[in-house]
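Asker: Data file final07.txt (compact mmCIF, C-alpha atoms and all ligand atoms) is appended below.
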# COMPACT_ATOMS: atom_id res chain seq x y z
CA MET A 1 23.88 -6.50 44.94
CA SER A 2 25.52 -9.13 47.16
CA ASP A 3 28.28 -6.76 48.33
CA THR A 4 25.70 -4.69 50.24
CA VAL A 5 23.98 -7.58 52.08
CA GLY A 6 24.42 -7.35 55.85
CA LYS A 7 25.89 -3.85 55.64
CA VAL A 8 24.44 -0.39 56.21
CA ILE A 9 23.87 1.23 52.80
CA ARG A 10 24.76 4.86 52.18
CA CYS A 11 22.67 6.32 49.37
CA ARG A 12 20.72 9.38 48.21
CA ALA A 13 17.25 10.38 49.39
CA ALA A 14 15.03 13.47 49.29
CA ILE A 15 14.40 14.74 52.83
CA LEU A 16 11.71 17.19 53.92
CA TRP A 17 13.27 18.85 56.99
CA GLU A 18 10.57 21.49 57.49
CA LEU A 19 7.00 22.05 56.32
CA LYS A 20 6.41 24.31 53.33
CA SER A 21 10.02 24.00 52.23
CA LYS A 22 11.87 22.28 49.43
CA MET A 23 13.10 18.72 49.86
CA LYS A 24 16.89 18.39 50.11
CA ILE A 25 18.84 15.63 48.40
CA GLU A 26 21.05 14.15 51.12
CA GLU A 27 23.27 11.17 51.73
CA ILE A 28 21.53 8.88 54.23
CA GLU A 29 22.20 5.55 55.93
CA VAL A 30 19.72 2.72 55.44
CA ALA A 31 19.83 0.02 58.14
CA VAL A 32 20.30 -3.71 57.59
CA PRO A 33 16.86 -5.42 57.51
CA VAL A 34 16.08 -7.67 60.49
CA LYS A 35 13.13 -10.00 61.35
CA ASP A 36 10.29 -9.39 58.85
CA GLN A 37 11.98 -6.44 57.18
CA ILE A 38 13.02 -6.24 53.57
CA ARG A 39 15.50 -3.79 52.08
CA VAL A 40 14.33 -2.65 48.67
CA LYS A 41 16.30 -0.88 45.97
CA ILE A 42 13.79 1.71 44.74
CA ILE A 43 13.82 2.16 40.98
CA TYR A 44 10.93 4.58 40.27
CA ASN A 45 8.56 6.65 42.39
CA ALA A 46 5.69 8.80 41.07
CA LEU A 47 4.66 11.94 42.93
CA CYS A 48 1.10 11.95 44.40
CA HIS A 49 -0.89 14.82 45.87
CA SER A 50 -0.78 13.07 49.28
CA ASP A 51 2.96 13.88 49.35
CA LEU A 52 2.03 17.54 48.72
CA HIS A 53 -0.46 17.42 51.60
CA VAL A 54 2.49 16.63 53.91
CA ILE A 55 4.65 19.42 52.51
CA ASP A 56 1.91 22.03 52.94
CA GLY A 57 1.01 20.76 56.43
CA SER A 58 -2.57 19.67 55.70
CA LEU A 59 -1.63 16.03 56.47
CA LYS A 60 0.20 15.91 59.79
CA THR A 61 3.27 13.66 60.11
CA ARG A 62 6.58 13.59 61.92
CA LEU A 63 9.61 15.47 60.59
CA PRO A 64 12.15 15.13 59.12
CA ILE A 65 10.53 12.77 56.66
CA ILE A 66 11.28 10.97 53.41
CA LEU A 67 8.13 11.20 51.29
CA GLY A 68 7.09 8.86 48.47
CA HIS A 69 4.68 5.92 48.44
CA GLU A 70 4.01 5.16 44.74
CA ALA A 71 7.02 3.08 43.77
CA THR A 72 8.57 0.01 42.19
CA GLY A 73 11.75 -1.66 43.36
CA ILE A 74 13.88 -4.76 43.63
CA VAL A 75 14.56 -6.70 46.81
CA GLU A 76 18.19 -6.20 47.88
CA SER A 77 18.19 -8.32 51.05
CA VAL A 78 15.76 -9.74 53.62
CA GLY A 79 15.51 -10.19 57.41
CA ASP A 80 15.74 -13.68 58.96
CA GLU A 81 11.95 -14.09 59.40
CA VAL A 82 11.04 -13.22 55.81
CA LYS A 83 9.56 -16.19 53.96
CA ALA A 84 7.88 -14.95 50.78
CA PHE A 85 10.61 -12.71 49.30
CA LYS A 86 14.19 -13.15 48.15
CA THR A 87 16.92 -10.98 46.65
CA GLY A 88 16.01 -9.92 43.12
CA ASP A 89 12.20 -10.05 43.45
CA VAL A 90 10.44 -7.19 41.67
CA VAL A 91 8.06 -5.46 44.08
CA ILE A 92 5.59 -2.64 44.75
CA PRO A 93 5.61 -1.15 48.27
CA LEU A 94 2.14 -0.91 49.87
CA TYR A 95 1.10 1.79 52.33
CA GLN A 96 -2.09 -0.21 52.78
CA PRO A 97 -0.82 -3.58 54.04
CA GLN A 98 -2.51 -6.97 54.06
CA CYS A 99 -1.44 -9.15 57.00
CA ARG A 100 -4.17 -11.79 56.35
CA LYS A 101 -4.58 -12.26 60.12
CA CYS A 102 -6.50 -9.26 61.49
CA ALA A 103 -10.30 -8.96 61.55
CA ALA A 104 -10.27 -6.55 58.59
CA CYS A 105 -8.13 -8.87 56.46
CA GLN A 106 -10.54 -11.72 57.19
CA HIS A 107 -13.58 -9.57 56.35
CA GLY A 108 -14.66 -9.57 52.72
CA ASP A 109 -15.84 -5.96 52.66
CA THR A 110 -12.76 -3.98 53.67
CA ASN A 111 -9.08 -3.62 52.89
CA LEU A 112 -8.23 -1.63 56.04
CA CYS A 113 -5.75 -4.08 57.55
CA THR A 114 -5.19 -3.13 61.19
CA SER A 115 -1.58 -4.28 61.33
CA LEU A 116 -0.83 -0.79 60.10
CA SER A 117 1.47 0.39 62.85
CA PHE A 118 3.88 2.59 60.96
CA SER A 119 2.98 5.67 62.99
CA ASN A 120 4.43 4.00 66.12
CA GLU A 121 7.47 2.54 64.49
CA GLY A 122 10.96 3.93 64.48
CA SER A 123 12.92 4.51 61.35
CA HIS A 124 15.54 2.69 59.33
CA PHE A 125 16.83 5.93 57.86
CA THR A 126 19.40 8.27 59.43
CA CYS A 127 20.99 11.42 58.09
CA ARG A 128 23.89 13.14 59.87
CA GLY A 129 23.07 11.25 63.08
CA LYS A 130 19.36 12.14 63.03
CA GLN A 131 16.44 9.72 62.53
CA VAL A 132 14.44 10.44 59.40
CA PHE A 133 10.90 9.00 59.22
CA PRO A 134 9.47 7.10 56.27
CA PHE A 135 6.11 8.44 54.98
CA MET A 136 3.43 5.81 55.69
CA GLY A 137 6.06 3.21 56.55
CA LEU A 138 7.63 3.46 53.09
CA GLY A 139 9.62 6.64 52.31
CA THR A 140 10.36 5.66 48.74
CA PHE A 141 11.97 8.92 47.60
CA SER A 142 15.15 7.12 48.64
CA GLU A 143 17.44 4.85 46.62
CA TYR A 144 16.89 2.17 49.28
CA ALA A 145 14.10 1.68 51.84
CA VAL A 146 13.42 -0.89 54.56
CA ILE A 147 9.84 -2.15 54.42
CA ARG A 148 7.96 -4.84 56.36
CA GLU A 149 6.98 -8.03 54.60
CA HIS A 150 3.21 -7.45 54.69
CA MET A 151 3.70 -4.01 53.07
CA LEU A 152 5.23 -5.33 49.88
CA VAL A 153 3.91 -7.33 46.92
CA LYS A 154 5.74 -9.19 44.17
CA ILE A 155 4.81 -8.30 40.60
CA ASP A 156 5.61 -9.83 37.21
CA PRO A 157 9.25 -8.96 36.46
CA ARG A 158 8.25 -8.27 32.85
CA ALA A 159 6.12 -5.28 33.95
CA PRO A 160 7.49 -1.87 32.91
CA LEU A 161 8.62 -0.53 36.29
CA ASP A 162 8.36 3.15 35.32
CA LYS A 163 4.62 2.67 34.77
CA ALA A 164 3.80 -0.05 37.30
CA CYS A 165 4.71 2.31 40.16
CA LEU A 166 1.34 4.03 39.60
CA ALA A 167 -0.34 0.83 40.79
CA GLY A 168 1.17 1.59 44.21
CA CYS A 169 -1.25 4.49 44.74
CA GLY A 170 -2.89 6.86 42.24
CA LEU A 171 -4.04 4.40 39.61
CA ALA A 172 -5.14 1.75 42.10
CA THR A 173 -6.92 4.35 44.26
CA GLY A 174 -9.01 5.97 41.52
CA TYR A 175 -9.71 2.82 39.52
CA GLY A 176 -10.67 0.86 42.62
CA ALA A 177 -12.85 3.67 44.00
CA ALA A 178 -14.85 3.43 40.77
CA VAL A 179 -15.15 -0.34 40.46
CA ASN A 180 -15.01 -1.47 44.10
CA THR A 181 -16.39 1.41 46.18
CA ALA A 182 -18.79 3.14 43.79
CA GLN A 183 -19.53 -0.27 42.26
CA ILE A 184 -20.26 1.31 38.89
CA ARG A 185 -22.45 -0.89 36.70
CA ARG A 186 -22.95 -1.02 32.93
CA GLY A 187 -25.08 1.89 31.69
CA GLU A 188 -24.66 4.07 34.78
CA ARG A 189 -24.07 7.81 34.71
CA VAL A 190 -21.00 8.91 36.65
CA ALA A 191 -19.43 12.22 37.73
CA VAL A 192 -15.76 12.53 38.73
CA ILE A 193 -14.75 15.76 40.47
CA GLY A 194 -11.00 16.50 40.32
CA LEU A 195 -8.94 15.29 37.38
CA GLY A 196 -5.52 14.43 38.79
CA GLY A 197 -3.96 10.96 38.63
CA VAL A 198 -6.63 9.69 41.03
CA GLY A 199 -9.67 11.24 39.28
CA LEU A 200 -8.48 10.24 35.80
CA SER A 201 -8.03 6.67 37.02
CA ALA A 202 -11.58 6.77 38.42
CA ILE A 203 -12.74 7.80 34.93
CA GLN A 204 -10.93 4.81 33.43
CA GLY A 205 -12.54 2.53 36.02
CA ALA A 206 -15.97 3.94 35.15
CA LYS A 207 -15.32 3.46 31.45
CA ASN A 208 -14.13 -0.14 31.84
CA ALA A 209 -17.16 -0.85 34.04
CA GLY A 210 -19.40 0.26 31.16
CA ALA A 211 -20.65 3.65 32.36
CA SER A 212 -22.84 5.29 29.70
CA ALA A 213 -21.96 8.89 30.59
CA ILE A 214 -18.88 10.14 32.44
CA TYR A 215 -18.82 13.80 33.51
CA ALA A 216 -15.26 15.02 34.17
CA ILE A 217 -15.30 18.06 36.46
CA ASP A 218 -12.34 20.36 37.21
CA ILE A 219 -11.65 24.07 37.60
CA ASN A 220 -8.55 23.58 35.42
CA SER A 221 -9.75 23.08 31.82
CA GLU A 222 -6.22 21.98 30.83
CA LYS A 223 -7.13 18.60 32.35
CA PHE A 224 -9.99 17.97 29.91
CA ASP A 225 -7.90 16.47 27.07
CA SER A 226 -6.54 13.80 29.41
CA ALA A 227 -10.03 13.21 30.80
CA ARG A 228 -11.39 12.56 27.31
CA LYS A 229 -8.48 10.18 26.61
CA MET A 230 -9.35 8.21 29.74
CA GLY A 231 -13.04 7.94 28.75
CA ALA A 232 -14.89 11.09 29.85
CA THR A 233 -17.92 11.82 27.69
CA HIS A 234 -18.47 15.40 28.99
CA CYS A 235 -16.09 17.93 30.55
CA VAL A 236 -17.48 20.49 32.97
CA ASN A 237 -15.74 23.51 34.53
CA PRO A 238 -17.46 24.72 37.75
CA ARG A 239 -16.13 28.23 36.95
CA ASP A 240 -18.78 28.34 34.20
CA VAL A 241 -21.55 28.36 36.81
CA PRO A 242 -23.20 31.82 36.92
CA LYS A 243 -21.99 33.93 39.89
CA ASP A 244 -25.28 33.67 41.79
CA GLY A 245 -25.69 29.91 41.13
CA LYS A 246 -24.70 26.83 43.10
CA PHE A 247 -22.74 24.09 41.36
CA GLY A 248 -25.02 21.21 42.42
CA SER A 249 -28.32 22.62 41.22
CA TRP A 250 -26.68 24.04 38.08
CA PHE A 251 -25.20 20.63 37.25
CA ILE A 252 -28.51 18.82 37.74
CA LYS A 253 -30.38 21.39 35.66
CA ASN A 254 -27.93 21.05 32.78
CA PHE A 255 -27.00 17.38 32.86
CA GLY A 256 -29.36 15.61 35.27
CA ALA A 257 -28.43 13.73 38.45
CA VAL A 258 -25.87 10.89 38.20
CA ASP A 259 -25.93 7.36 39.64
CA LYS A 260 -22.43 7.63 41.12
CA SER A 261 -20.12 10.53 41.97
CA LEU A 262 -16.49 10.48 43.10
CA GLU A 263 -14.71 13.38 44.80
CA CYS A 264 -10.99 13.13 43.99
CA ILE A 265 -9.63 16.39 45.46
CA GLY A 266 -10.04 16.52 49.24
CA ASN A 267 -12.11 19.73 49.13
CA VAL A 268 -15.06 19.78 51.54
CA GLN A 269 -17.21 21.95 49.26
CA CYS A 270 -16.62 19.54 46.37
CA MET A 271 -17.60 16.66 48.67
CA LYS A 272 -20.92 18.43 49.33
CA ASP A 273 -21.37 18.85 45.57
CA ALA A 274 -20.71 15.13 45.11
CA VAL A 275 -23.55 14.38 47.54
CA GLU A 276 -25.82 16.93 45.90
CA ILE A 277 -25.56 15.62 42.34
CA VAL A 278 -26.35 11.91 42.85
CA GLU A 279 -29.79 10.45 42.27
CA ARG A 280 -32.25 10.30 45.14
CA GLY A 281 -33.19 6.71 45.99
CA TRP A 282 -30.02 4.96 44.83
CA GLY A 283 -27.25 7.51 44.23
CA ARG A 284 -23.85 6.83 45.76
CA ALA A 285 -21.26 9.54 46.50
CA VAL A 286 -17.70 8.34 47.08
CA MET A 287 -15.11 10.48 48.88
CA VAL A 288 -11.60 9.67 47.66
CA GLY A 289 -9.73 12.95 48.21
CA ILE A 290 -8.10 13.49 51.59
CA ALA A 291 -9.43 16.59 53.36
CA PRO A 292 -7.05 18.66 55.52
CA ASP A 293 -6.57 17.53 59.14
CA GLY A 294 -9.45 18.78 61.30
CA ALA A 295 -11.88 19.40 58.41
CA THR A 296 -15.56 18.51 58.88
CA LEU A 297 -18.18 17.73 56.26
CA SER A 298 -21.72 19.00 56.79
CA PHE A 299 -24.75 18.43 54.61
CA ASN A 300 -28.52 18.29 54.84
CA PRO A 301 -29.37 14.89 56.42
CA GLY A 302 -32.34 14.80 54.05
CA HIS A 303 -29.89 13.45 51.46
CA LEU A 304 -29.67 10.29 53.57
CA THR A 305 -33.40 10.13 54.25
CA ILE A 306 -34.05 10.02 50.53
CA GLY A 307 -31.72 7.10 50.13
CA LYS A 308 -28.39 8.47 48.98
CA THR A 309 -25.31 6.54 50.12
CA ILE A 310 -22.21 8.46 51.16
CA THR A 311 -18.99 6.51 51.47
CA GLY A 312 -15.29 6.52 50.64
CA SER A 313 -12.24 4.32 50.36
CA ILE A 314 -8.52 4.09 50.95
CA PHE A 315 -6.37 2.59 48.20
CA GLY A 316 -9.46 1.91 46.07
CA GLY A 317 -10.72 -0.77 48.44
CA TRP A 318 -8.21 -3.28 47.03
CA LYS A 319 -6.92 -6.09 49.25
CA SER A 320 -3.44 -4.96 48.40
CA ILE A 321 -1.35 -8.14 48.24
CA ASP A 322 -4.11 -10.16 46.56
CA ASP A 323 -5.19 -7.53 44.04
CA ILE A 324 -2.29 -5.31 42.96
CA PRO A 325 -0.47 -7.96 40.86
CA MET A 326 -3.73 -8.40 38.93
CA LEU A 327 -3.93 -4.63 38.26
CA VAL A 328 -0.31 -4.66 37.05
CA GLU A 329 -1.18 -7.57 34.76
CA GLU A 330 -4.13 -5.61 33.29
CA MET A 331 -1.74 -2.68 32.74
CA ARG A 332 0.76 -4.96 31.03
CA LYS A 333 -1.92 -6.29 28.68
CA GLY A 334 -3.16 -2.77 27.90
CA LYS A 335 -6.60 -3.29 29.46
CA ILE A 336 -5.72 -0.52 31.89
CA GLU A 337 -3.95 2.45 30.31
CA VAL A 338 -1.17 4.27 32.13
CA ASP A 339 0.60 6.35 29.49
CA PRO A 340 -1.84 9.32 29.52
CA LEU A 341 -1.25 9.68 33.28
CA ILE A 342 2.54 10.08 33.00
CA THR A 343 3.25 13.64 31.88
CA HIS A 344 6.80 14.16 33.21
CA ARG A 345 9.95 12.26 34.18
CA PHE A 346 12.76 13.53 36.41
CA ASP A 347 15.87 12.39 38.25
CA LEU A 348 15.73 12.61 42.04
CA GLU A 349 17.65 15.93 42.02
CA LYS A 350 14.67 17.52 40.25
CA VAL A 351 11.99 16.26 42.63
CA ASP A 352 11.06 19.81 43.64
CA GLU A 353 10.32 20.67 40.02
CA ALA A 354 7.82 17.81 40.06
CA VAL A 355 6.27 19.28 43.23
CA GLU A 356 5.87 22.72 41.62
CA LEU A 357 4.26 21.26 38.49
CA LEU A 358 1.73 19.20 40.48
CA LYS A 359 0.93 22.13 42.77
CA ASN A 360 0.30 24.40 39.78
CA GLY A 361 -1.88 21.91 37.90
CA LYS A 362 0.72 21.47 35.13
CA SER A 363 1.32 17.75 35.53
CA ILE A 364 -0.59 14.57 36.25
CA ARG A 365 2.06 12.11 37.37
CA SER A 366 5.80 12.84 37.34
CA VAL A 367 7.82 9.64 37.54
CA ILE A 368 11.11 10.11 39.41
CA SER A 369 14.08 7.81 38.70
CA LEU A 370 16.00 6.66 41.79
CA SER A 371 18.41 3.70 41.64
CA LYS A 372 19.50 2.43 38.25
CA LEU A 373 18.25 -1.06 37.31
P1 LIG B 401 -3.96 16.23 41.79
O1 LIG B 401 -3.43 17.45 42.41
O2 LIG B 401 -3.19 15.61 40.68
O3 LIG B 401 -5.45 16.49 41.25
C1 LIG B 401 -6.40 17.25 41.91
C2 LIG B 401 -7.29 17.92 40.85
O4 LIG B 401 -8.36 18.59 41.52
C3 LIG B 401 -6.57 18.96 40.00
O5 LIG B 401 -6.77 18.69 38.63
C4 LIG B 401 -7.23 20.27 40.42
O6 LIG B 401 -7.31 21.23 39.36
C5 LIG B 401 -8.60 19.81 40.85
N1 LIG B 401 -9.26 20.76 41.77
C6 LIG B 401 -8.72 21.41 42.82
N2 LIG B 401 -9.66 22.16 43.42
C7 LIG B 401 -10.82 21.99 42.73
C8 LIG B 401 -12.14 22.48 42.86
N3 LIG B 401 -12.45 23.33 43.84
N4 LIG B 401 -13.08 22.06 41.99
C9 LIG B 401 -12.77 21.20 40.98
N5 LIG B 401 -11.52 20.70 40.80
C10 LIG B 401 -10.57 21.09 41.67
O7 LIG B 401 -4.19 15.16 42.98
P2 LIG B 401 -4.21 13.54 42.97
O8 LIG B 401 -5.06 13.07 41.87
O9 LIG B 401 -2.82 13.03 43.12
O10 LIG B 401 -4.94 13.30 44.39
C11 LIG B 401 -6.27 13.73 44.59
C12 LIG B 401 -6.70 13.57 46.03
O11 LIG B 401 -6.79 12.16 46.34
C13 LIG B 401 -5.73 14.14 47.06
O12 LIG B 401 -6.46 14.69 48.14
C14 LIG B 401 -4.97 12.93 47.52
O13 LIG B 401 -4.40 13.11 48.79
C15 LIG B 401 -6.10 11.92 47.55
C16 LIG B 401 -5.67 10.50 47.59
N6 LIG B 401 -6.43 9.62 48.28
C17 LIG B 401 -6.09 8.33 48.37
C18 LIG B 401 -6.99 7.40 49.10
O14 LIG B 401 -6.58 6.25 49.30
N7 LIG B 401 -8.17 7.82 49.47
C19 LIG B 401 -4.96 7.85 47.74
C20 LIG B 401 -4.21 8.74 46.99
C21 LIG B 401 -4.54 10.08 46.91
ZN ZN B 402 -0.80 8.59 46.89
Take the structure in this file and express it as structure tokens.

Answerer:
Amino acid sequence: MSDTVGKVIRCRAAILWELKSKMKIEEIEVAVPVKDQIRVKIIYNALCHSDLHVIDGSLKTRLPIILGHEATGIVESVGDEVKAFKTGDVVIPLYQPQCRKCAACQHGDTNLCTSLSFSNEGSHFTCRGKQVFPFMGLGTFSEYAVIREHMLVKIDPRAPLDKACLAGCGLATGYGAAVNTAQIRRGERVAVIGLGGVGLSAIQGAKNAGASAIYAIDINSEKFDSARKMGATHCVNPRDVPKDGKFGSWFIKNFGAVDKSLECIGNVQCMKDAVEIVERGWGRAVMVGIAPDGATLSFNPGHLTIGKTITGSIFGGWKSIDDIPMLVEEMRKGKIEVDPLITHRFDLEKVDEAVELLKNGKSIRSVISLSKL
């Protein structure tokens, strides 16, 4: 790698120039890292529904943009203020940073580090003279990306990089929402609504936490096999509810209320259902899915009066730099399963095929290969 240090790198990246369009594979320039910046050679990046939210315009960002935030890579070179990383380190980029200095980092109950300033930052990517923005400060659908030191974590170099990338978002988000945010305890009854990479990881978290019943809920019954593999005990399709019925009351009548529910779609109606189906007195409904910009959630405040808790989390509530290496370790030892989540693999040229599959409910995670190891 040494022949690239100190020089601008020209490499391939997938650029979204306009909303609701295909990404284009382009040659871009990636700047030399300065100060606390680190240039990372990206090896794998899995596609998440949050990337789709940008493409379809429901999550507003600047354009043109390089998407991608669920990646593994290898440090190529570092800026002069970087202390904890060196060339060759194996890393996961983190859209949820951990600076260790801000009030949130020093608080035990949250992972929402406030050093998150990527929306105000410029870009290290250019294409044909134009700045191209990195999604959430990362932009890892590129062979190289420049990332700040507190948005990167070292992992065990023995970890399989094509699987460990899922710890950069989907797996960590769902699993953590179950164990950290929902705080699922042994013997509890749990419902997970939405069975993508995030929901299936929530199911695995519930299973490993010792849940006694796990209801996997999705309008796409093709997801039920994967849900059972991850630990679901019952699979429920809301399309089976009689035309004149409401999902919440139908669910309670058939299965009873649950201790914990997790919404893993970003659909406001499903969020209401999640509130509806938890136990009065102690039930906890966790919102994980990201609703479209401008959406509002309304529900009968009586749900709160009778003691239900409604909450949510970003990145599964993990303190990213402290916790992600531990998750990767659990994956390496087989205590956390990843294989059932990876349904497809593509080269960067085929990234739009991965988008179509995810949009149409035909895939869980597609892992895209970028630079060669
Ligand atoms: P995905 O597209 O793989 O899965 C979504 C699932 O929901 C699919 O299986 C759909 O069939 C199902 N679904 C859609 N509509 C309904 C409905 N009305 N009723 C029941 N099921 C339905 O997405 P994903 O798992 O990659 O991501 C899920 C959400 O989580 C998405 O909104 C994403 O942006 C969000 C997310 N949040 C965080 C966070 O930190 N909070 C992190 C990563 C992703
Ligand atoms: Zn994601």

Asker: Counting all atoms listed in the file, what is within 12 Å of Ile203 (chain A), bar same-chain residues fewer than 6 positions away, as a PDB file with C-alpha atoms, keeping the file's coordinate frame?

Answerer:
ATOM      1  CA  LEU A 171      -4.040   4.400  39.610  1.00  0.00           C
ATOM      2  CA  THR A 173      -6.920   4.350  44.260  1.00  0.00           C
ATOM      3  CA  GLY A 174      -9.010   5.970  41.520  1.00  0.00           C
ATOM      4  CA  TYR A 175      -9.710   2.820  39.520  1.00  0.00           C
ATOM      5  CA  GLY A 176     -10.670   0.860  42.620  1.00  0.00           C
ATOM      6  CA  ALA A 177     -12.850   3.670  44.000  1.00  0.00           C
ATOM      7  CA  ALA A 178     -14.850   3.430  40.770  1.00  0.00           C
ATOM      8  CA  VAL A 179     -15.150  -0.340  40.460  1.00  0.00           C
ATOM      9  CA  ALA A 182     -18.790   3.140  43.790  1.00  0.00           C
ATOM     10  CA  ILE A 184     -20.260   1.310  38.890  1.00  0.00           C
ATOM     11  CA  ARG A 189     -24.070   7.810  34.710  1.00  0.00           C
ATOM     12  CA  VAL A 190     -21.000   8.910  36.650  1.00  0.00           C
ATOM     13  CA  ALA A 191     -19.430  12.220  37.730  1.00  0.00           C
ATOM     14  CA  VAL A 192     -15.760  12.530  38.730  1.00  0.00           C
ATOM     15  CA  ILE A 193     -14.750  15.760  40.470  1.00  0.00           C
ATOM     16  CA  GLY A 194     -11.000  16.500  40.320  1.00  0.00           C
ATOM     17  CA  LEU A 195      -8.940  15.290  37.380  1.00  0.00           C
ATOM     18  CA  GLY A 196      -5.520  14.430  38.790  1.00  0.00           C
ATOM     19  CA  GLY A 197      -3.960  10.960  38.630  1.00  0.00           C
ATOM     20  CA  ALA A 209     -17.160  -0.850  34.040  1.00  0.00           C
ATOM     21  CA  GLY A 210     -19.400   0.260  31.160  1.00  0.00           C
ATOM     22  CA  ALA A 211     -20.650   3.650  32.360  1.00  0.00           C
ATOM     23  CA  SER A 212     -22.840   5.290  29.700  1.00  0.00           C
ATOM     24  CA  ALA A 213     -21.960   8.890  30.590  1.00  0.00           C
ATOM     25  CA  ILE A 214     -18.880  10.140  32.440  1.00  0.00           C
ATOM     26  CA  TYR A 215     -18.820  13.800  33.510  1.00  0.00           C
ATOM     27  CA  ALA A 216     -15.260  15.020  34.170  1.00  0.00           C
ATOM     28  CA  ILE A 217     -15.300  18.060  36.460  1.00  0.00           C
ATOM     29  CA  PHE A 224      -9.990  17.970  29.910  1.00  0.00           C
ATOM     30  CA  SER A 226      -6.540  13.800  29.410  1.00  0.00           C
ATOM     31  CA  ALA A 227     -10.030  13.210  30.800  1.00  0.00           C
ATOM     32  CA  ARG A 228     -11.390  12.560  27.310  1.00  0.00           C
ATOM     33  CA  LYS A 229      -8.480  10.180  26.610  1.00  0.00           C
ATOM     34  CA  MET A 230      -9.350   8.210  29.740  1.00  0.00           C
ATOM     35  CA  GLY A 231     -13.040   7.940  28.750  1.00  0.00           C
ATOM     36  CA  ALA A 232     -14.890  11.090  29.850  1.00  0.00           C
ATOM     37  CA  THR A 233     -17.920  11.820  27.690  1.00  0.00           C
ATOM     38  CA  HIS A 234     -18.470  15.400  28.990  1.00  0.00           C
ATOM     39  CA  CYS A 235     -16.090  17.930  30.550  1.00  0.00           C
ATOM     40  CA  LYS A 260     -22.430   7.630  41.120  1.00  0.00           C
ATOM     41  CA  SER A 261     -20.120  10.530  41.970  1.00  0.00           C
ATOM     42  CA  LEU A 262     -16.490  10.480  43.100  1.00  0.00           C
ATOM     43  CA  GLU A 263     -14.710  13.380  44.800  1.00  0.00           C
ATOM     44  CA  CYS A 264     -10.990  13.130  43.990  1.00  0.00           C
ATOM     45  CA  ILE A 336      -5.720  -0.520  31.890  1.00  0.00           C
ATOM     46  CA  GLU A 337      -3.950   2.450  30.310  1.00  0.00           C
ATOM     47  CA  LEU A 341      -1.250   9.680  33.280  1.00  0.00           C
TER      48      LEU A 341
END

Asker: Enumerate as a list in words the residues within 6 Å of ligand ZN 402 (chain B), counting all atoms listed in the file.

Answerer: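 What falls inside 6 Å of ligand ZN 402 (chain B) is Cys48, Ser50, Cys169 and Gly170 of chain A.
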
Asker: Counting only C-alpha atoms, which residues of region 146-255 of chain A fall within 10 Å of region 85-102 of chain A, and what is the closest atom pair for each with its distance in Å at one decimal, ordered by chain and rising number, as a tab-separated table?

Answerer:
residue	atom	partner	partner_atom	distance
A:Ile147	CA	A:Pro93	CA	7.5
A:Arg148	CA	A:Pro97	CA	9.2
A:Glu149	CA	A:Phe85	CA	7.9
A:His150	CA	A:Cys99	CA	5.5
A:Met151	CA	A:Pro97	CA	4.6
A:Leu152	CA	A:Pro93	CA	4.5
A:Val153	CA	A:Val91	CA	5.4
A:Lys154	CA	A:Val91	CA	4.4
A:Ile155	CA	A:Val91	CA	5.5
A:Asp156	CA	A:Val90	CA	7.1
A:Pro157	CA	A:Val90	CA	5.6
A:Arg158	CA	A:Val90	CA	9.2
A:Ala159	CA	A:Val90	CA	9.1
A:Leu161	CA	A:Val90	CA	8.8
A:Ala164	CA	A:Ile92	CA	8.1
A:Cys165	CA	A:Ile92	CA	6.8
A:Leu166	CA	A:Ile92	CA	9.4
A:Ala167	CA	A:Ile92	CA	7.9
A:Gly168	CA	A:Ile92	CA	6.1
A:Cys169	CA	A:Leu94	CA	8.2

Asker: Looking at A:Leu304, A:Val30, A:Ile9, A:Leu112, which one is nearest to ligand LIG 401 (chain B), with distances taken over all atoms listed in the file?

Answerer: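 Smallest separation from ligand LIG 401 (chain B) among the options: A:Leu112.
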
Asker: Within 8 Å of ligand LIG 401 (chain B), counting all atoms listed in the file: which residues, as a PyMOL selection string?

Answerer: chain A and resi 47-53+169-170+173-174+193-200+217-220+223+237-238+264-267+269-270+287-291+312-316+358-359+361+363-365

Asker: In Å, with one decimal, what is the gap from CA of Asn208 (chain A) to CA of Lys335 (chain A)?

Answerer: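 Taking CA of Asn208 (chain A) and CA of Lys335 (chain A), their separation equals 8.5 Å.
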
Asker: From the list A:Thr110, A:Asn254, A:Thr61, A:Gln37, which residue is nearest Asn180 (chain A) when using only C-alpha atoms?

Answerer: A:Thr110

Asker: Residues proximal to (10.7, 11.3, 54.1) were defined as those with any atom within 8 Å of that point in the file's coordinates, counting all atoms listed in the file. Which are they, as a ChimeraX atom specification?

Answerer: /A:14-16,63-68,132-135,139-141

Asker: Complete the atom set of region 31-35 of chain A to N, CA and C atoms and return it as a compact mmCIF listing (two decimals), in the coordinates of the input.

Answerer:
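result_25.txt, freshly written:
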# COMPACT_ATOMS: atom_id res chain seq x y z
N ALA A 31 19.42 1.12 57.27
CA ALA A 31 19.83 0.02 58.14
C ALA A 31 19.72 -1.35 57.46
N VAL A 32 20.39 -2.32 58.04
CA VAL A 32 20.30 -3.71 57.59
C VAL A 32 18.92 -4.24 58.00
N PRO A 33 18.19 -4.93 57.13
CA PRO A 33 16.86 -5.42 57.51
C PRO A 33 16.97 -6.58 58.50
N VAL A 34 16.11 -6.56 59.52
CA VAL A 34 16.08 -7.67 60.49
C VAL A 34 14.65 -8.21 60.55
N LYS A 35 14.45 -9.37 61.18
CA LYS A 35 13.13 -10.00 61.35
C LYS A 35 12.33 -10.01 60.04
